[in-house]
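Presented below is the structure to which this report refers.
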Amino acid sequence: MAASAGQQLGNWTCLRWSHEVSALVLDIGTSTTRAGYAGDDVPKAVFPTTFGYTTHYSADENKEVRIHLGDEGVSLWREGMEVGNPLQNGIVYDWTPIPPIINHAINRSLHCDPAEHPVLMTEPAWNTQANRERMAEILFEEFQVPAFYIANNGVLSAFAAGKGTALVIDIGKSVASVVPVSDGFVLRKGIAQSPLPPLAQTTAFTMLSSGNPNVGRPGATLTPHQLIASKQPVDVNALPSFTPRADRQKSTTSTWLSWAENREVEEWINGCVGVLDQGWNDQHASMRPPRHYEFPTGFNSVFSSERFIPGEVYFTHHHLGQGGTQLPPTLPQLIHACLNATEPDLRPALLNNVVLTGGNSLLPGMADRINNELMRLAGGIQSKLKIHAPGNPTERRFAPWLGGSILASLGTFHQLWISKEEWKEHGPNIVAQRCK
């Protein structure tokens with residue numbers, strides 16, 4: 001990896017910061033933003049990328065929009081607060097909240113002066129050149145960083161696993177992707193991605209809201225705790241007995257309520273959903289231990305085989321029953337498309353270095369199922385199949401950040417930084433030249 005990065009040589013003699021000053025690594029994902037120091041094992045700051053915003057008017061009717069960030073930014077209920085997220089499909093589409101997010105990460109969370117620290121940013125493999133240049137512009141012009149670099153998530157995840165060549169399977173909050181990396185470079189023709197995580201989330205939402213008459217379960221009310229004044233204990237599958245907060249009903253926005261309800265679904269997924277390692281089988285699913293779960297309203301139920309349905313969406317769509325509706329490619333289809341787009345001679349090396357990353361890769365059974373799917377797909381390829389799937393959730397969830405931390409702390413990496421002087425001399429074009 002370091003050797004391949006070294007091919008991207010640039011003039012770094014004009015860099016003026018002390019080598020004693022650590023670089024910062026910033027990873028803005030759909031779910032969370034991670035920030036910390038190069039060389040550290042974990043990010044110092046992790047907070048939701050989703051933000052709240054409220055509109056205020058001064059005495060002279062001037063409009064002011066306040067953005068609320070951090071752990072209590074969106075989860076703390078505020079009158080009339082709307083909710084937004086600057087990313088779609090893993091890339092930035094709304095740049096307005098990006099400077100506040102960076103400010104919260106560097107100034108408020110790390111308590112750093114950005115003018116004293118070079119910053120390495122992460123990006124998805126399908127990021128646009130315009131987005132890369134805009135990010136560089138924000139950091140150089142608004143935060144006055146002394147140096148900047150933007151690195152690919154796939155390469156960084158491979159690097160975090162100690163690999164220069166890898167097949168990186170990343171299952172995040174908004175996108176599942178398969179990215180082939182060879183000698184530290186992404187093979188762009190092999191990039192395959194799909195909005196499977198939102199589909200799994202929607203499947204779980206619909207399943208919970210609709211209930212299950214076969215087991216006497218009514219649809220769950222997904223009212224969040226912020227809108228509940230009190231509740232009473234109830235029996236399994238009994239309707240909830242709770243009192244809503246009447247003072248918050250009219251001033252709760254639809255965007256905040258949607259965020260809060262989906263957050264309850266995410267909590268249920270984290271507590272109950274699993275993946276069948278050998279593929280869907282009604283009998284095998286029914287034999288797995290059930291999970292009891294209680295929602296903030298007090299409604300509680302026991303979930304058995306159906307708790308595996310949202311996880312199955314990543315591999316097959318036969319539970320969805322959407323007729324002719326165009327459904328996104330499954331993980332096996334993504335892997336197949338990726339391998340088919342790479343040179344046959346490279347496929348054995350990729351399959352021998354599979355890296356699994358992303359928060360949704362932590363679903364119980366996911367790694368085993370992917371291993372079995374890969375064995376099936378690789379039937380005609382002479383290769384040892386080996387998956388790197390760290391048991392440490394932090395390492396798997398934050399792999400791109402960790403790879404950036406390792407990369408930016410290497411002595412040989414100093415030649416790759418884009419300095420402020422180079423930015424002033426060459427402008428945005430230097431981003432494509434240096435960050436390949």
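Order determines the names: the first chain of the structure tokens is A, the second B, and so forth; residues in each chain are numbered 1 upward, and ligands are numbered 1 upward as they are shown.
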*Excluding Pro400 in chain A and residues on its chain fewer than 2 positions from it, collect all residues at most 10 Å away from it, counting only C-alpha atoms, and give them as a ChimeraX atom specification.*
/A:25-27,34,121-124,151-161,170,357-358,395-398,402-406
With a distance cut-off of 9 Å and only C-alpha atoms, select the neighbouring residues of Ser251 in chain A, excluding the residue or stretch itself and same-chain residues fewer than 6 positions from it, and output the selection as a CSV table (one decimal) with N, CA and C atoms, in the first residue's frame.
```csv
chain,number,residue,atom,x,y,z
A,78,ARG,N,-36.6,19.1,20.2
A,78,ARG,CA,-36.7,20.6,20.2
A,78,ARG,C,-38.0,21.0,19.4
A,79,GLU,N,-38.6,22.0,19.9
A,79,GLU,CA,-39.9,22.5,19.3
A,79,GLU,C,-39.6,22.9,17.8
A,80,GLY,N,-40.3,22.3,16.9
A,80,GLY,CA,-40.2,22.7,15.5
A,80,GLY,C,-38.9,22.3,14.8
A,81,MET,N,-38.2,21.4,15.4
A,81,MET,CA,-36.9,21.0,14.8
A,81,MET,C,-37.1,20.0,13.6
```
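As for CA of Leu199 in chain A and CA of Ser301 in chain A, they are spaced 23.1 Å apart.
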*Picked from range 41-221 of chain A by DSSP as strand (DSSP E), as JSON, numbers by chain*: {"A": [45, 46, 47, 48, 51, 52, 53, 54, 55, 56, 57, 63, 64, 65, 66, 67, 68, 82, 83, 84, 87, 88, 91, 92, 119, 120, 121, 122, 123, 147, 148, 149, 150, 151, 152, 166, 167, 168, 169, 170, 171, 176, 177, 178, 179, 180, 181, 182, 185, 186, 192, 193, 194]}
May I have the residues from that selection written out with N, CA and C atoms, as a compact mmCIF listing (two decimals), in the first residue's frame?
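Saved result, again.txt, follows:
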```txt
# COMPACT_ATOMS: atom_id res chain seq x y z
N ALA A 45 -13.59 11.07 18.44
CA ALA A 45 -14.95 11.59 18.40
C ALA A 45 -15.78 10.80 17.40
N VAL A 46 -16.96 10.36 17.84
CA VAL A 46 -17.92 9.68 16.97
C VAL A 46 -19.29 10.27 17.28
N PHE A 47 -19.93 10.88 16.30
CA PHE A 47 -21.25 11.47 16.54
C PHE A 47 -22.11 11.32 15.29
N PRO A 48 -23.43 11.39 15.43
CA PRO A 48 -24.31 11.20 14.28
C PRO A 48 -24.08 12.27 13.21
N PHE A 51 -28.43 15.59 11.46
CA PHE A 51 -28.45 16.79 12.28
C PHE A 51 -29.87 17.34 12.39
N GLY A 52 -30.10 18.12 13.42
CA GLY A 52 -31.36 18.84 13.54
C GLY A 52 -31.14 20.30 13.19
N TYR A 53 -32.20 20.96 12.74
CA TYR A 53 -32.07 22.40 12.50
C TYR A 53 -33.38 23.10 12.82
N THR A 54 -33.24 24.25 13.45
CA THR A 54 -34.39 25.06 13.85
C THR A 54 -34.25 26.45 13.25
N THR A 55 -35.37 27.06 12.94
CA THR A 55 -35.39 28.40 12.35
C THR A 55 -35.85 29.40 13.40
N HIS A 56 -35.10 30.49 13.52
CA HIS A 56 -35.42 31.52 14.51
C HIS A 56 -35.47 32.87 13.79
N TYR A 57 -36.29 33.76 14.33
CA TYR A 57 -36.42 35.11 13.77
C TYR A 57 -36.12 36.14 14.85
N LYS A 63 -34.00 36.07 9.52
CA LYS A 63 -34.10 34.61 9.69
C LYS A 63 -32.74 34.02 10.03
N GLU A 64 -32.72 33.16 11.03
CA GLU A 64 -31.49 32.46 11.41
C GLU A 64 -31.79 30.97 11.54
N VAL A 65 -30.98 30.15 10.86
CA VAL A 65 -31.12 28.70 10.95
C VAL A 65 -30.00 28.16 11.83
N ARG A 66 -30.37 27.48 12.89
CA ARG A 66 -29.39 26.91 13.81
C ARG A 66 -29.30 25.40 13.57
N ILE A 67 -28.08 24.92 13.42
CA ILE A 67 -27.86 23.49 13.21
C ILE A 67 -27.44 22.85 14.54
N HIS A 68 -28.08 21.74 14.86
CA HIS A 68 -27.83 21.04 16.12
C HIS A 68 -27.12 19.73 15.83
N GLU A 82 -36.47 20.37 12.52
CA GLU A 82 -36.44 19.48 11.36
C GLU A 82 -35.15 18.66 11.40
N VAL A 83 -35.11 17.62 10.58
CA VAL A 83 -33.96 16.72 10.57
C VAL A 83 -33.44 16.56 9.15
N GLY A 84 -32.13 16.57 9.00
CA GLY A 84 -31.53 16.39 7.68
C GLY A 84 -30.28 15.54 7.75
N LEU A 87 -25.79 13.43 3.23
CA LEU A 87 -25.33 12.40 2.30
C LEU A 87 -26.50 11.65 1.67
N GLN A 88 -26.35 11.29 0.42
CA GLN A 88 -27.23 10.38 -0.28
C GLN A 88 -26.36 9.39 -1.04
N ILE A 91 -22.52 9.74 -0.68
CA ILE A 91 -21.74 10.92 -1.04
C ILE A 91 -22.51 12.19 -0.67
N VAL A 92 -21.78 13.28 -0.49
CA VAL A 92 -22.39 14.54 -0.07
C VAL A 92 -23.21 15.14 -1.22
N VAL A 119 -5.13 17.43 7.35
CA VAL A 119 -6.36 16.63 7.48
C VAL A 119 -6.47 15.64 6.34
N LEU A 120 -6.63 14.36 6.70
CA LEU A 120 -6.94 13.32 5.72
C LEU A 120 -8.43 13.02 5.79
N MET A 121 -9.11 13.13 4.65
CA MET A 121 -10.54 12.81 4.56
C MET A 121 -10.72 11.47 3.86
N THR A 122 -11.81 10.79 4.17
CA THR A 122 -12.16 9.56 3.46
C THR A 122 -13.25 9.86 2.43
N GLU A 123 -13.40 8.96 1.46
CA GLU A 123 -14.43 9.12 0.44
C GLU A 123 -14.83 7.74 -0.09
N ALA A 147 -2.47 21.30 5.13
CA ALA A 147 -2.33 20.27 4.10
C ALA A 147 -3.58 19.39 4.11
N PHE A 148 -3.82 18.76 2.97
CA PHE A 148 -5.07 17.98 2.80
C PHE A 148 -4.80 16.78 1.91
N TYR A 149 -5.54 15.71 2.18
CA TYR A 149 -5.53 14.54 1.30
C TYR A 149 -6.87 13.85 1.44
N ILE A 150 -7.35 13.27 0.34
CA ILE A 150 -8.60 12.52 0.38
C ILE A 150 -8.33 11.13 -0.16
N ALA A 151 -8.72 10.11 0.62
CA ALA A 151 -8.38 8.73 0.29
C ALA A 151 -9.64 7.87 0.22
N ASN A 152 -9.55 6.85 -0.62
CA ASN A 152 -10.68 5.98 -0.90
C ASN A 152 -10.96 5.01 0.25
N ALA A 166 -7.23 -6.52 -2.19
CA ALA A 166 -8.35 -7.06 -1.42
C ALA A 166 -9.66 -6.87 -2.17
N LEU A 167 -10.62 -7.69 -1.82
CA LEU A 167 -12.01 -7.51 -2.25
C LEU A 167 -12.74 -6.97 -1.03
N VAL A 168 -13.07 -5.68 -1.05
CA VAL A 168 -13.64 -5.02 0.13
C VAL A 168 -15.16 -5.01 0.02
N ILE A 169 -15.81 -5.69 0.96
CA ILE A 169 -17.28 -5.72 1.02
C ILE A 169 -17.69 -4.83 2.19
N ASP A 170 -18.32 -3.72 1.87
CA ASP A 170 -18.67 -2.71 2.87
C ASP A 170 -20.20 -2.60 2.95
N ILE A 171 -20.76 -2.92 4.11
CA ILE A 171 -22.21 -2.85 4.29
C ILE A 171 -22.50 -1.75 5.31
N ALA A 176 -24.55 -0.81 0.28
CA ALA A 176 -23.68 -1.99 0.34
C ALA A 176 -22.83 -1.97 -0.92
N SER A 177 -21.53 -2.14 -0.78
CA SER A 177 -20.65 -2.04 -1.95
C SER A 177 -19.60 -3.13 -1.93
N VAL A 178 -19.14 -3.47 -3.14
CA VAL A 178 -18.03 -4.40 -3.31
C VAL A 178 -17.00 -3.68 -4.17
N VAL A 179 -15.80 -3.52 -3.63
CA VAL A 179 -14.76 -2.73 -4.30
C VAL A 179 -13.49 -3.55 -4.40
N PRO A 180 -12.99 -3.79 -5.63
CA PRO A 180 -11.72 -4.50 -5.79
C PRO A 180 -10.54 -3.54 -5.67
N VAL A 181 -9.56 -3.91 -4.88
CA VAL A 181 -8.36 -3.09 -4.68
C VAL A 181 -7.15 -3.93 -5.07
N SER A 182 -6.30 -3.37 -5.92
CA SER A 182 -5.09 -4.07 -6.36
C SER A 182 -3.88 -3.18 -6.15
N PHE A 185 -4.65 0.42 -5.24
CA PHE A 185 -5.49 1.24 -6.12
C PHE A 185 -6.83 0.55 -6.37
N VAL A 186 -7.88 1.34 -6.42
CA VAL A 186 -9.21 0.80 -6.72
C VAL A 186 -9.31 0.50 -8.21
N ALA A 192 -19.06 -2.15 -7.50
CA ALA A 192 -20.48 -2.50 -7.55
C ALA A 192 -21.13 -2.06 -6.24
N GLN A 193 -22.29 -1.42 -6.33
CA GLN A 193 -22.95 -0.92 -5.12
C GLN A 193 -24.46 -1.07 -5.25
N SER A 194 -25.14 -1.03 -4.10
CA SER A 194 -26.58 -1.24 -4.08
C SER A 194 -27.17 -0.65 -2.79
```
*Might you pull out every residue within 8 Å of range 260-268 of chain A, with only C-alpha atoms counted and same-chain residues fewer than 4 positions away left off, and present them as a ChimeraX atom specification?*
/A:75,201,204-205,222-224,256,272-273,293,295
Write a file of the just-selected residues containing N, CA and C atoms, as a PDB file, in the first residue's frame.
```
ATOM      1  N   SER A  75     -31.233  13.770  18.697  1.00  0.00           N
ATOM      2  CA  SER A  75     -31.992  12.930  19.628  1.00  0.00           C
ATOM      3  C   SER A  75     -32.660  13.741  20.730  1.00  0.00           C
ATOM      4  N   GLN A 201     -34.019  -1.966   6.033  1.00  0.00           N
ATOM      5  CA  GLN A 201     -34.652  -1.120   7.048  1.00  0.00           C
ATOM      6  C   GLN A 201     -36.145  -0.983   6.773  1.00  0.00           C
ATOM      7  N   ALA A 204     -37.993  -4.174   7.623  1.00  0.00           N
ATOM      8  CA  ALA A 204     -38.204  -4.302   9.066  1.00  0.00           C
ATOM      9  C   ALA A 204     -39.304  -3.362   9.540  1.00  0.00           C
ATOM     10  N   PHE A 205     -39.305  -2.133   9.039  1.00  0.00           N
ATOM     11  CA  PHE A 205     -40.316  -1.141   9.417  1.00  0.00           C
ATOM     12  C   PHE A 205     -41.712  -1.652   9.078  1.00  0.00           C
ATOM     13  N   LEU A 222     -44.435   2.776  16.973  1.00  0.00           N
ATOM     14  CA  LEU A 222     -43.013   3.104  17.077  1.00  0.00           C
ATOM     15  C   LEU A 222     -42.763   4.475  17.698  1.00  0.00           C
ATOM     16  N   THR A 223     -43.677   4.911  18.556  1.00  0.00           N
ATOM     17  CA  THR A 223     -43.516   6.198  19.228  1.00  0.00           C
ATOM     18  C   THR A 223     -42.225   6.209  20.050  1.00  0.00           C
ATOM     19  N   PRO A 224     -41.371   7.213  19.862  1.00  0.00           N
ATOM     20  CA  PRO A 224     -40.100   7.253  20.603  1.00  0.00           C
ATOM     21  C   PRO A 224     -40.301   7.733  22.039  1.00  0.00           C
ATOM     22  N   TRP A 256     -38.606  14.950  11.943  1.00  0.00           N
ATOM     23  CA  TRP A 256     -38.076  14.426  13.205  1.00  0.00           C
ATOM     24  C   TRP A 256     -38.781  13.132  13.580  1.00  0.00           C
ATOM     25  N   CYS A 272     -32.367  -7.760  17.472  1.00  0.00           N
ATOM     26  CA  CYS A 272     -33.089  -8.982  17.104  1.00  0.00           C
ATOM     27  C   CYS A 272     -32.671  -9.624  15.790  1.00  0.00           C
ATOM     28  N   VAL A 273     -32.310  -8.844  14.800  1.00  0.00           N
ATOM     29  CA  VAL A 273     -32.142  -9.380  13.447  1.00  0.00           C
ATOM     30  C   VAL A 273     -30.863 -10.197  13.325  1.00  0.00           C
ATOM     31  N   TYR A 293     -38.297  -8.571  22.751  1.00  0.00           N
ATOM     32  CA  TYR A 293     -37.933  -7.161  22.586  1.00  0.00           C
ATOM     33  C   TYR A 293     -39.071  -6.282  23.076  1.00  0.00           C
ATOM     34  N   PHE A 295     -40.481  -2.238  23.124  1.00  0.00           N
ATOM     35  CA  PHE A 295     -40.390  -0.910  22.521  1.00  0.00           C
ATOM     36  C   PHE A 295     -40.627   0.158  23.589  1.00  0.00           C
TER      37      PHE A 295
END
```
